[in-house]
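Participant: Have a look at the structure that comes next, please.
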Amino acid sequence: MTKIIKLILCLVLILAGNVYADVSQSRLVFVANVDGNWDIYSVDEDGGNVVRLTSTPYDEKDPAWSYDRKKIVYATSDGQLNILDINTKKSGQIAVDEKKTAKFSPSFSPDGKNISFVQFKSGSGDDTDLIIFNLETKQNRRVIDQPGAQMWPAWSPDGRRLVYTSVHCLSDCGRIIQELWITDPTGDYARQLIMTGSLSQQPAWSPDGNQIAFSSDKSGNFDIWILSLKDWKSEQITMDENLDVSPAWSPDGNKLAFISNRTGTMEIWIKDLNSAELRRLTPFGNKNIECKDIAW
């Protein structure tokens with residue numbers, strides 16, 4: 001083989017690798033129940049090229065990308081956390097600790113060194129803690145001592161803050177009131193971001209760090225909202241009489257994916273925030289497959 005041919009082949013491989021990297025940036029991961037178990041799948045933004053990533057006896061949930069797009073951390077129905085390598089499709093359980101309490105809602109820190117997650121307190125009913133596990137030292141620590149249930153921690157793009165939800169009231173209010181809170185990874189402070197008097201959940205930080213998307217039943221049923229961290233105003237993004245939950249930002253920050261049952265089945269929808277175009281993803285064609293827990 002001549003040097004010229006070798007050079008051409010090398011260039012082709014490099015270009016192919018770059019195309020794959022660009023495509024991977026636009027892929028979503030989600031959980032779907034195809035054959036009786038909830039497993040993790042990935043799909044292109046247009047709904048094509050669906051790939052099954054897990055196949056276990058357990059139900060997978062809460063997948064989250066690492067910032068380099070090489071790994072996915074997720075929880076399983078046995079209460080454990082796992083990391084999946086995208087290239088090899090091999091996963092391994094994280095030895096977070098020896099406690100038997102369930103763990104869920106994991107997410108990578110932007111530098112990839114830590115994983116935040118929620119853990120139920122042993123023998124305390126619905127009380128939970130926010131935990132950070134260091135992948136290098138294999139040590140975990142509670143972020144903040146706050147009564148009640150803290151859920152859905154999400155890192156800011158600069159790694160300096162965590163947004164999460166905290167339950168304020170249950171039976172005394174006649175309904176669940178859950179608001180957005182913010183803290184730093186050391187737990188030096190915690191403060192409430194907004195007061196909606198509603199059940200707010202699943203916050204997701206925009207790629208530029210200036211907005212937080214979340215789902216809330218403030219308008220009477222669950223819709224997607226966006227909170228601006230510049231002027232502290234909230235904007236309702238979806239206005240449907242059905243359920244809209246689990247928002248996930250596109251890497252460029254111009255779109256939001258979410259789960260909706262507006263067709264009668266929990267499916268993936270994408271809204272363009274510039275054009276307001278709304279479209280449904282059908283990774284399984286005409287099959288009636290339930291989906292949930294999106295990460296983009």
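Letters for chains follow the order of the structure tokens (A, B, ...), residue numbers begin at 1 for each chain, and ligand numbers begin at 1 in the order shown.
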Extract, using only C-alpha atoms, all DNA, RNA and protein residues at most 8 Å from Phe222 in chain A, discarding same-chain residues fewer than 5 positions from it, and format them as a list in words.
Facilitator: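 Listing them by chain and then by number gives Ser215, Ser216, Asp217, Asn242, Leu243, Asp244 and Val245 of chain A.
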Participant: Which neighbours of Ser219 in chain A fall inside 12 Å, counting only C-alpha atoms, when residues of the same chain fewer than 3 positions from it are skipped, and could you give them as a PyMOL selection string?
Facilitator: chain A and resi 196-200+215-216+222-225+235-244
Participant: Please dump the current selection as a PDB file, in the first residue's frame; keep N, CA and C atoms.
Facilitator:
ATOM      1  N   THR A 196     -43.734  28.752  44.070  1.00  0.00           N
ATOM      2  CA  THR A 196     -44.832  28.512  43.140  1.00  0.00           C
ATOM      3  C   THR A 196     -46.080  27.983  43.844  1.00  0.00           C
ATOM      4  N   GLY A 197     -45.922  27.448  45.053  1.00  0.00           N
ATOM      5  CA  GLY A 197     -47.044  26.830  45.742  1.00  0.00           C
ATOM      6  C   GLY A 197     -47.553  25.604  45.007  1.00  0.00           C
ATOM      7  N   SER A 198     -46.661  24.933  44.273  1.00  0.00           N
ATOM      8  CA  SER A 198     -47.052  23.805  43.434  1.00  0.00           C
ATOM      9  C   SER A 198     -46.074  22.653  43.617  1.00  0.00           C
ATOM     10  N   LEU A 199     -46.280  21.617  42.844  1.00  0.00           N
ATOM     11  CA  LEU A 199     -45.363  20.488  42.811  1.00  0.00           C
ATOM     12  C   LEU A 199     -44.420  20.684  41.632  1.00  0.00           C
ATOM     13  N   SER A 200     -43.238  21.168  41.920  1.00  0.00           N
ATOM     14  CA  SER A 200     -42.223  21.396  40.889  1.00  0.00           C
ATOM     15  C   SER A 200     -41.181  20.284  40.966  1.00  0.00           C
ATOM     16  N   SER A 215     -40.536  20.837  35.412  1.00  0.00           N
ATOM     17  CA  SER A 215     -41.965  20.558  35.224  1.00  0.00           C
ATOM     18  C   SER A 215     -42.698  20.954  36.496  1.00  0.00           C
ATOM     19  N   SER A 216     -43.924  21.429  36.339  1.00  0.00           N
ATOM     20  CA  SER A 216     -44.696  21.910  37.486  1.00  0.00           C
ATOM     21  C   SER A 216     -46.181  21.821  37.175  1.00  0.00           C
ATOM     22  N   PHE A 222     -49.381  19.147  34.862  1.00  0.00           N
ATOM     23  CA  PHE A 222     -47.937  19.273  34.671  1.00  0.00           C
ATOM     24  C   PHE A 222     -47.597  19.800  33.283  1.00  0.00           C
ATOM     25  N   ASP A 223     -46.859  20.914  33.268  1.00  0.00           N
ATOM     26  CA  ASP A 223     -46.317  21.496  32.050  1.00  0.00           C
ATOM     27  C   ASP A 223     -44.832  21.795  32.263  1.00  0.00           C
ATOM     28  N   ILE A 224     -44.165  22.137  31.157  1.00  0.00           N
ATOM     29  CA  ILE A 224     -42.750  22.498  31.216  1.00  0.00           C
ATOM     30  C   ILE A 224     -42.631  24.015  31.366  1.00  0.00           C
ATOM     31  N   TRP A 225     -41.774  24.414  32.293  1.00  0.00           N
ATOM     32  CA  TRP A 225     -41.513  25.825  32.567  1.00  0.00           C
ATOM     33  C   TRP A 225     -40.018  26.095  32.461  1.00  0.00           C
ATOM     34  N   GLU A 235     -41.353  31.226  32.675  1.00  0.00           N
ATOM     35  CA  GLU A 235     -42.145  31.198  31.448  1.00  0.00           C
ATOM     36  C   GLU A 235     -42.681  29.785  31.239  1.00  0.00           C
ATOM     37  N   GLN A 236     -43.969  29.684  30.958  1.00  0.00           N
ATOM     38  CA  GLN A 236     -44.578  28.396  30.682  1.00  0.00           C
ATOM     39  C   GLN A 236     -44.321  28.025  29.223  1.00  0.00           C
ATOM     40  N   ILE A 237     -43.693  26.872  29.012  1.00  0.00           N
ATOM     41  CA  ILE A 237     -43.270  26.471  27.672  1.00  0.00           C
ATOM     42  C   ILE A 237     -44.286  25.575  26.987  1.00  0.00           C
ATOM     43  N   THR A 238     -44.935  24.700  27.740  1.00  0.00           N
ATOM     44  CA  THR A 238     -45.988  23.865  27.160  1.00  0.00           C
ATOM     45  C   THR A 238     -47.311  24.189  27.840  1.00  0.00           C
ATOM     46  N   MET A 239     -48.391  24.096  27.091  1.00  0.00           N
ATOM     47  CA  MET A 239     -49.716  24.414  27.617  1.00  0.00           C
ATOM     48  C   MET A 239     -50.710  23.385  27.103  1.00  0.00           C
ATOM     49  N   ASP A 240     -50.571  22.183  27.569  1.00  0.00           N
ATOM     50  CA  ASP A 240     -51.431  21.101  27.128  1.00  0.00           C
ATOM     51  C   ASP A 240     -52.172  20.545  28.336  1.00  0.00           C
ATOM     52  N   GLU A 241     -53.371  20.057  28.119  1.00  0.00           N
ATOM     53  CA  GLU A 241     -54.169  19.527  29.226  1.00  0.00           C
ATOM     54  C   GLU A 241     -53.656  18.187  29.731  1.00  0.00           C
ATOM     55  N   ASN A 242     -52.685  17.616  29.017  1.00  0.00           N
ATOM     56  CA  ASN A 242     -52.100  16.347  29.433  1.00  0.00           C
ATOM     57  C   ASN A 242     -50.791  16.572  30.167  1.00  0.00           C
ATOM     58  N   LEU A 243     -50.115  15.490  30.472  1.00  0.00           N
ATOM     59  CA  LEU A 243     -48.909  15.511  31.294  1.00  0.00           C
ATOM     60  C   LEU A 243     -47.677  15.817  30.457  1.00  0.00           C
ATOM     61  N   ASP A 244     -46.911  16.858  30.821  1.00  0.00           N
ATOM     62  CA  ASP A 244     -45.616  17.168  30.214  1.00  0.00           C
ATOM     63  C   ASP A 244     -44.578  17.231  31.327  1.00  0.00           C
TER      64      ASP A 244
END
Participant: Name the residues in contact with Thr265 in chain A at a cut-off of 8 Å, using only C-alpha atoms, excluding same-chain residues fewer than 4 positions from it; report them as a VMD selection string.
Facilitator: chain A and resid 260 to 261 288 to 290
Participant: Hey, can you check how far CA of Pro203 in chain A sits from CA of Tyr164 in chain A?
Facilitator: 6.6 Å
Participant: Please report the interatomic distance between CA of Leu256 in chain A and CA of Lys287 in chain A in Å with one decimal.
Facilitator: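 If I compute the distance from CA of Leu256 in chain A to CA of Lys287 in chain A, I get 23.5 Å.
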Participant: Write out as an mmCIF file with C-alpha atoms, in the first residue's frame each polymer residue whose atoms come within 9 Å of Trp205 in chain A, counting only C-alpha atoms; drop sequence neighbours fewer than 5 positions from it.
Facilitator:
data_model
loop_
_atom_site.group_PDB
_atom_site.id
_atom_site.type_symbol
_atom_site.label_atom_id
_atom_site.label_comp_id
_atom_site.auth_asym_id
_atom_site.auth_seq_id
_atom_site.Cartn_x
_atom_site.Cartn_y
_atom_site.Cartn_z
ATOM 1 C CA ALA A 154 -28.562 18.772 38.664
ATOM 2 C CA TRP A 155 -25.134 20.417 38.296
ATOM 3 C CA SER A 156 -24.669 23.873 36.863
ATOM 4 C CA PRO A 157 -22.399 23.881 33.767
ATOM 5 C CA VAL A 163 -30.269 22.817 41.688
ATOM 6 C CA ASN A 210 -28.640 31.113 32.626
ATOM 7 C CA GLN A 211 -31.893 29.138 32.778
ATOM 8 C CA ILE A 212 -33.437 26.171 34.527
ATOM 9 C CA ALA A 213 -36.179 24.101 32.924
ATOM 10 C CA PHE A 214 -38.521 22.145 35.172
ATOM 11 C CA ALA A 248 -33.921 17.944 28.846
ATOM 12 C CA TRP A 249 -31.960 20.670 27.022
#
Participant: What is the distance between CA of Ile86 in chain A and CA of Lys71 in chain A, in Å to one decimal?
Facilitator: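 Computed distance, CA of Ile86 in chain A to CA of Lys71 in chain A, equals 5.4 Å.
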Participant: Could you name the residues that touch range 104-113 of chain A at 10 Å or less, counting only C-alpha atoms, but leaving out those on the same chain fewer than 3 positions away, as number ranges by chain?
Facilitator: A: 61-68, 71-77, 79-83, 116-120, 130-137, 151-162, 185, 202, 293
Participant: Going by DSSP on the backbone, which bits of range 38-254 of chain A are strand (DSSP E or B)? Write them as an NGL selection string, please.
Facilitator: :A and (38-43 or 51-52 or 60-65 or 71-76 or 81-85 or 91-93 or 103-108 or 114-120 or 128-134 or 140-142 or 150-155 or 162-169 or 177-183 or 190-192 or 199-205 or 211-216 or 223-228 or 234-236 or 244-249)
Participant: Save out the residues we just selected, C-alpha atoms, as a tab-separated table (two decimals), in the first residue's frame.
Facilitator:
chain	number	residue	atom	x	y	z
A	38	TRP	CA	-37.43	-0.62	31.43
A	39	ASP	CA	-34.11	-0.41	29.57
A	40	ILE	CA	-31.93	2.44	28.31
A	41	TYR	CA	-31.86	3.38	24.63
A	42	SER	CA	-30.19	6.10	22.58
A	43	VAL	CA	-31.62	7.79	19.51
A	51	VAL	CA	-29.78	1.68	19.90
A	52	ARG	CA	-30.50	-0.47	22.94
A	60	GLU	CA	-33.18	1.01	34.53
A	61	LYS	CA	-34.02	4.66	35.24
A	62	ASP	CA	-32.65	8.21	35.45
A	63	PRO	CA	-29.86	8.05	32.81
A	64	ALA	CA	-27.51	11.06	32.65
A	65	TRP	CA	-24.65	11.82	30.25
A	71	LYS	CA	-20.42	7.57	29.74
A	72	ILE	CA	-23.90	7.36	31.18
A	73	VAL	CA	-24.71	7.03	34.86
A	74	TYR	CA	-28.07	5.52	35.79
A	75	ALA	CA	-30.03	3.89	38.60
A	76	THR	CA	-31.63	0.44	38.73
A	81	LEU	CA	-26.09	3.12	40.63
A	82	ASN	CA	-24.21	2.09	37.50
A	83	ILE	CA	-21.94	3.62	34.86
A	84	LEU	CA	-22.24	2.61	31.21
A	85	ASP	CA	-19.40	3.06	28.70
A	91	SER	CA	-21.68	-1.19	32.53
A	92	GLY	CA	-20.55	-1.65	36.09
A	93	GLN	CA	-22.06	-0.96	39.47
A	103	LYS	CA	-30.32	5.48	45.38
A	104	PHE	CA	-31.60	7.37	42.34
A	105	SER	CA	-31.34	10.54	40.19
A	106	PRO	CA	-27.55	10.37	39.58
A	107	SER	CA	-25.68	12.97	37.53
A	108	PHE	CA	-22.04	13.63	36.62
A	114	ASN	CA	-18.06	13.35	41.05
A	115	ILE	CA	-21.56	11.95	40.89
A	116	SER	CA	-24.46	13.52	42.76
A	117	PHE	CA	-27.46	11.39	43.64
A	118	VAL	CA	-30.36	11.02	46.06
A	119	GLN	CA	-30.42	8.41	48.81
A	120	PHE	CA	-33.26	7.47	51.12
A	128	THR	CA	-33.84	11.68	51.54
A	129	ASP	CA	-30.37	13.17	51.35
A	130	LEU	CA	-28.35	14.68	48.52
A	131	ILE	CA	-25.07	12.78	48.27
A	132	ILE	CA	-21.89	13.43	46.27
A	133	PHE	CA	-19.65	10.45	45.46
A	134	ASN	CA	-16.05	11.09	44.41
A	140	ASN	CA	-19.24	9.93	49.52
A	141	ARG	CA	-20.60	12.76	51.62
A	142	ARG	CA	-23.94	14.32	52.37
A	150	GLN	CA	-34.63	16.41	48.44
A	151	MET	CA	-34.74	15.15	44.86
A	152	TRP	CA	-33.39	15.53	41.30
A	153	PRO	CA	-30.02	17.25	41.85
A	154	ALA	CA	-28.56	18.77	38.66
A	155	TRP	CA	-25.13	20.42	38.30
A	162	LEU	CA	-26.59	22.22	42.31
A	163	VAL	CA	-30.27	22.82	41.69
A	164	TYR	CA	-32.67	20.37	43.31
A	165	THR	CA	-36.19	20.14	44.66
A	166	SER	CA	-37.30	20.07	48.29
A	167	VAL	CA	-40.70	19.04	49.58
A	168	HIS	CA	-42.24	21.72	51.81
A	169	CYS	CA	-45.61	20.35	52.66
A	177	ILE	CA	-45.73	21.42	47.58
A	178	GLN	CA	-42.24	20.99	46.19
A	179	GLU	CA	-40.05	23.92	45.20
A	180	LEU	CA	-36.72	24.51	43.46
A	181	TRP	CA	-33.71	25.05	45.67
A	182	ILE	CA	-30.03	25.74	45.02
A	183	THR	CA	-26.88	24.86	46.92
A	190	ALA	CA	-29.06	26.42	50.47
A	191	ARG	CA	-31.81	28.75	49.36
A	192	GLN	CA	-35.16	28.54	47.65
A	199	LEU	CA	-45.36	20.49	42.81
A	200	SER	CA	-42.22	21.40	40.89
A	201	GLN	CA	-39.80	18.69	39.83
A	202	GLN	CA	-37.02	17.49	37.52
A	203	PRO	CA	-34.97	20.70	37.14
A	204	ALA	CA	-32.48	20.83	34.27
A	205	TRP	CA	-29.82	23.50	33.82
A	211	GLN	CA	-31.89	29.14	32.78
A	212	ILE	CA	-33.44	26.17	34.53
A	213	ALA	CA	-36.18	24.10	32.92
A	214	PHE	CA	-38.52	22.14	35.17
A	215	SER	CA	-41.96	20.56	35.22
A	216	SER	CA	-44.70	21.91	37.49
A	223	ASP	CA	-46.32	21.50	32.05
A	224	ILE	CA	-42.75	22.50	31.22
A	225	TRP	CA	-41.51	25.82	32.57
A	226	ILE	CA	-38.27	27.79	32.26
A	227	LEU	CA	-36.87	29.95	35.06
A	228	SER	CA	-34.52	32.76	34.01
A	234	SER	CA	-40.76	31.95	34.90
A	235	GLU	CA	-42.14	31.20	31.45
A	236	GLN	CA	-44.58	28.40	30.68
A	244	ASP	CA	-45.62	17.17	30.21
A	245	VAL	CA	-42.60	16.23	32.38
A	246	SER	CA	-38.88	15.39	32.37
A	247	PRO	CA	-37.36	18.34	30.43
A	248	ALA	CA	-33.92	17.94	28.85
A	249	TRP	CA	-31.96	20.67	27.02
